[in-house]
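The file my_file-v7.pdb comes next; it holds PDB, C-alpha atoms.
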MODEL        1
ATOM      1  CA  MET P 214      29.150 265.534 164.017
ATOM      2  CA  PRO P 215      29.179 266.546 167.708
ATOM      3  CA  LEU P 216      28.920 270.174 168.706
ATOM      4  CA  PRO P 217      32.188 271.770 169.911
ATOM      5  CA  GLU P 218      30.882 271.742 173.511
ATOM      6  CA  GLN P 219      30.402 267.959 173.291
ATOM      7  CA  THR P 220      33.808 267.090 171.855
ATOM      8  CA  LEU P 221      36.075 265.038 174.089
ATOM      9  CA  GLN P 222      39.686 266.053 173.700
ATOM     10  CA  ALA P 223      42.588 263.652 173.782
ATOM     11  CA  THR P 224      45.055 266.448 172.931
ATOM     12  CA  PRO P 225      45.410 269.502 175.198
ATOM     13  CA  VAL P 226      44.519 272.822 173.579
ATOM     14  CA  LEU P 227      46.345 276.095 174.195
ATOM     15  CA  SER P 228      44.540 278.249 176.725
ATOM     16  CA  SER P 229      46.949 281.174 176.661
ATOM     17  CA  CYS P 230      48.872 282.952 173.919
ATOM     18  CA  PRO P 231      52.438 281.660 173.557
ATOM     19  CA  ASP P 232      53.543 285.211 172.623
ATOM     20  CA  CYS P 233      52.000 287.349 175.381
ATOM     21  CA  SER P 234      50.278 284.872 177.785
ATOM     22  CA  ALA P 235      46.811 286.445 177.369
ATOM     23  CA  SER P 236      43.752 284.229 176.881
ATOM     24  CA  LEU P 237      42.756 282.791 173.529
ATOM     25  CA  ALA P 238      39.265 282.914 172.037
ATOM     26  CA  VAL P 239      38.166 280.085 169.737
ATOM     27  CA  LEU P 240      37.197 281.459 166.325
ATOM     28  CA  ARG P 241      36.470 278.273 164.408
ATOM     29  CA  ILE P 242      36.676 274.491 164.727
ATOM     30  CA  ILE P 243      36.989 272.590 161.450
ATOM     31  CA  PRO P 244      36.723 268.793 161.238
ATOM     32  CA  GLY P 245      39.760 267.099 159.720
ATOM     33  CA  ARG P 246      40.916 263.651 158.738
ATOM     34  CA  ALA P 247      41.013 260.642 161.077
ATOM     35  CA  GLY P 248      38.931 262.382 163.741
ATOM     36  CA  ALA P 249      41.250 265.370 164.132
ATOM     37  CA  GLU P 250      39.928 268.914 164.449
ATOM     38  CA  TYR P 251      41.589 272.194 163.438
ATOM     39  CA  TRP P 252      41.039 274.887 166.061
ATOM     40  CA  THR P 253      41.644 278.508 165.034
ATOM     41  CA  MET P 254      42.111 280.806 168.029
ATOM     42  CA  ARG P 255      42.828 284.526 168.407
ATOM     43  CA  CYS P 256      44.672 286.190 171.261
ATOM     44  CA  THR P 257      42.517 288.662 173.170
ATOM     45  CA  ARG P 258      45.500 290.995 173.775
ATOM     46  CA  CYS P 259      47.920 290.944 170.819
ATOM     47  CA  GLY P 260      45.482 289.630 168.184
ATOM     48  CA  GLY P 261      47.776 286.776 167.146
ATOM     49  CA  ILE P 262      46.165 283.845 165.340
ATOM     50  CA  HIS P 263      47.035 280.330 166.487
ATOM     51  CA  LEU P 264      46.102 277.013 164.882
ATOM     52  CA  GLU P 265      45.943 273.821 166.925
ATOM     53  CA  ILE P 266      45.389 270.338 165.530
ATOM     54  CA  VAL P 267      43.371 268.465 168.144
ATOM     55  CA  ASN P 268      43.062 264.682 168.037
ATOM     56  CA  ALA P 269      39.485 264.226 169.223
ATOM     57  CA  SER P 270      38.688 261.185 171.286
ATOM     58  CA  THR P 271      37.010 258.307 169.463
ATOM     59  CA  ALA P 272      34.975 257.378 172.545
ATOM     60  CA  PRO P 273      31.214 257.742 171.978
ATOM     61  CA  MET P 274      29.390 260.508 173.824
ATOM     62  CA  THR P 275      26.691 259.554 176.302
ATOM     63  CA  ALA P 276      23.983 261.930 177.406
TER      64      ALA P 276
ENDMDL
END
Let me see the structure of the file written as structure tokens.
Amino acid sequence: MPLPEQTLQATPVLSSCPDCSASLAVLRIIPGRAGAEYWTMRCTRCGGIHLEIVNASTAPMTA
């Protein structure tokens, strides 16, 4: 399984809180079915928790 820094993303991930527009910090990335990943993020201002389902790219990584 690739490290989170090496994951190619086919689905855009939230970069700001939809409630207060502050930045989001990634708490955890959990692998899911069919190559998807579940990203849990917390707002740095209001503390809201947001879950994104990211469809990771199936393209192989090259170093």
Just give me the gap between CA of Pro244 in chain P and CA of Cys256 in chain P in Å, one decimal is fine.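 Interatomic distance, CA of Pro244 in chain P to CA of Cys256 in chain P: 21.6 Å.
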Could you list, as a ChimeraX atom specification, every residue within 10 Å of Cys230 in chain P, counting only C-alpha atoms and ignoring same-chain residues fewer than 6 positions away? /P:236-238,254-263
Grab the CA of Arg246 in chain P to CA of Val267 in chain P distance for me, in Å with one decimal place.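 Distance reported for this atom pair: 10.8 Å.
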Atomic separation - CA of Tyr251 in chain P relative to CA of Ser229 in chain P, Å: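 Between CA of Ser229 in chain P and CA of Tyr251 in chain P the gap works out to 16.9 Å.
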Which residues, written as number ranges by chain, have at least one atom at most 8 Å from Glu265 in chain P, with only C-alpha atoms counted and residues fewer than 5 positions away on the same chain left out? P: 226-227, 251-253
